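Beneath this line is the structure, given in structure tokens, with notes to follow.
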Amino acid sequence: MAEERRKRATEAFFGRRHGKRLRPRQDAALAALLDRALIKLDAASNNVAALFPSPVERVRLEIGFGGGEHLLSELARYPHTGFIGVEPFVNGMAKLASAVDEQGGAPANLRVYNDDATALLDWLPEASIAEIDLLYPDPWPKKKHWKRRFVNRANLDRFARVLKPGGRFRFASDIDTYIDWTLLHCEAHPAFRWQAESADDWRRPYDGWPGTRYEAKAIREGRTPAYLTFLRV
């Protein structure tokens, strides 16, 4: 327990790593996914195009993909785009692994990372990513925990460095304080401009949005999601 607490102390932007014990089939699917698609920062070239066995037209990054509903949908919609999915929570990565196992294994345009996204962001080369998605991140609702919210000046600097000019940062949440927080931080950052001309621009889900279990829960509980898009200027 003491070792786990020391480990947790370094995890600034995400909470627990493990949930329920995985079933044998989940465990096998997870091992297969990590063997085929895991990015190892100390062993891989940071040429993002070289991460994928087939040529890709662009590369997108999704941080904290949860159960993988959105990531799986986008993989199918854009087979010529490379996707990097980040999820430190083992059970979330296992959900994605089980889904791709049912489809015959990880698609060639998918790579995953199972640790702190800031390390990956610092490893990525400048202007290498076309789009970053941060969808329903942990809101850390207590004020004393706000410093653990992923949206902050340092991480927006990281986003600005790795996004291509004209690239997009998309943020979705059902927590009004985190929505306001993100708007304030992005409006204060010189590299980002909010793409919204009317209320529909943030009330309507993104094009092709599949919905997620987190979103369904929020709507059931009476919370209204917002879908923000910021342009890298």
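The way I read the labels, and the way they are meant: chains A, B, ... in the order of the structure tokens, residue 1 as the first residue of every chain, and ligand 1 as the first ligand shown, with later ones counted on from there.
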Which of range 28-233 of chain A end up as helix (DSSP H, G or I) when DSSP is run on this backbone - answer as a ChimeraX atom specification?
/A:28-37,48-51,69-77,90-102,117-123,143-148,153-162,176-187,200-203,213-220
Would you list the contacts of range 20-35 of chain A as an mmCIF file with N, CA, C and O atoms, in the first residue's frame, taking every protein, DNA or RNA residue within 6 Å and counting only C-alpha atoms, but skipping same-chain residues closer than 3 positions in sequence?
data_model
loop_
_atom_site.group_PDB
_atom_site.id
_atom_site.type_symbol
_atom_site.label_atom_id
_atom_site.label_comp_id
_atom_site.auth_asym_id
_atom_site.auth_seq_id
_atom_site.Cartn_x
_atom_site.Cartn_y
_atom_site.Cartn_z
ATOM 1 N N LEU A 38 1.310 -0.823 -28.369
ATOM 2 C CA LEU A 38 1.802 0.076 -27.324
ATOM 3 C C LEU A 38 2.999 0.893 -27.795
ATOM 4 O O LEU A 38 3.943 0.353 -28.378
ATOM 5 N N ALA A 94 -8.504 -2.213 -21.245
ATOM 6 C CA ALA A 94 -8.995 -3.574 -21.480
ATOM 7 C C ALA A 94 -10.308 -3.569 -22.260
ATOM 8 O O ALA A 94 -10.559 -4.468 -23.070
ATOM 9 N N ALA A 97 -9.345 -3.090 -25.745
ATOM 10 C CA ALA A 97 -8.693 -4.303 -26.223
ATOM 11 C C ALA A 97 -9.718 -5.382 -26.558
ATOM 12 O O ALA A 97 -9.605 -6.069 -27.584
ATOM 13 N N SER A 98 -10.722 -5.543 -25.714
ATOM 14 C CA SER A 98 -11.756 -6.554 -25.974
ATOM 15 C C SER A 98 -12.543 -6.228 -27.237
ATOM 16 O O SER A 98 -12.874 -7.122 -28.026
#
Might you pull out every residue within 12 Å of range 202-205 of chain A, with only C-alpha atoms counted and same-chain residues fewer than 4 positions away left off, and present them as an MDAnalysis selection string?
chainID A and resid 70 135 170:174 179 183 194:198 209:212 215 224:230
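Straight-line separation from CA of Gly167 in chain A to CA of Gly105 in chain A: 29.5 Å.
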Can you write out as a tab-separated table which residues of range 124-198 of chain A fall within 12 Å of range 108-118 of chain A, alongside each residue's closest atom pair and its distance in Å to one decimal, counting only C-alpha atoms and ordering rows by chain and ascending residue number?
residue	atom	partner	partner_atom	distance
A:Leu124	CA	A:Thr118	CA	10.0
A:Ile132	CA	A:Ala117	CA	11.5
A:Leu134	CA	A:Ala117	CA	11.0
A:Phe150	CA	A:Thr118	CA	9.3
A:Val151	CA	A:Thr118	CA	11.4
A:Asn152	CA	A:Thr118	CA	11.8
A:Ala154	CA	A:Thr118	CA	9.6
A:Asn155	CA	A:Thr118	CA	7.4
A:Leu156	CA	A:Thr118	CA	10.7
A:Asp157	CA	A:Thr118	CA	10.9
A:Arg158	CA	A:Thr118	CA	7.9
A:Phe159	CA	A:Thr118	CA	9.7
A:Val162	CA	A:Thr118	CA	11.5
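In this structure, CA of Ala188 in chain A sits 26.1 Å away from CA of Val86 in chain A.
Relative to CA of Leu61 in chain A, CA of Tyr78 in chain A is found at 13.2 Å.
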When you count only C-alpha atoms, which of these residues is closest to Gly67 in chain A: A:Gly222, A:Gly82, A:Gly92, A:Pro55?
A:Gly92
From a DSSP pass on the backbone, collect the residues of range 5-172 of chain A flagged as strand (DSSP E or B) and hand them back as a ChimeraX atom specification.
/A:38,58-63,81-86,110-113,129-135,163-172
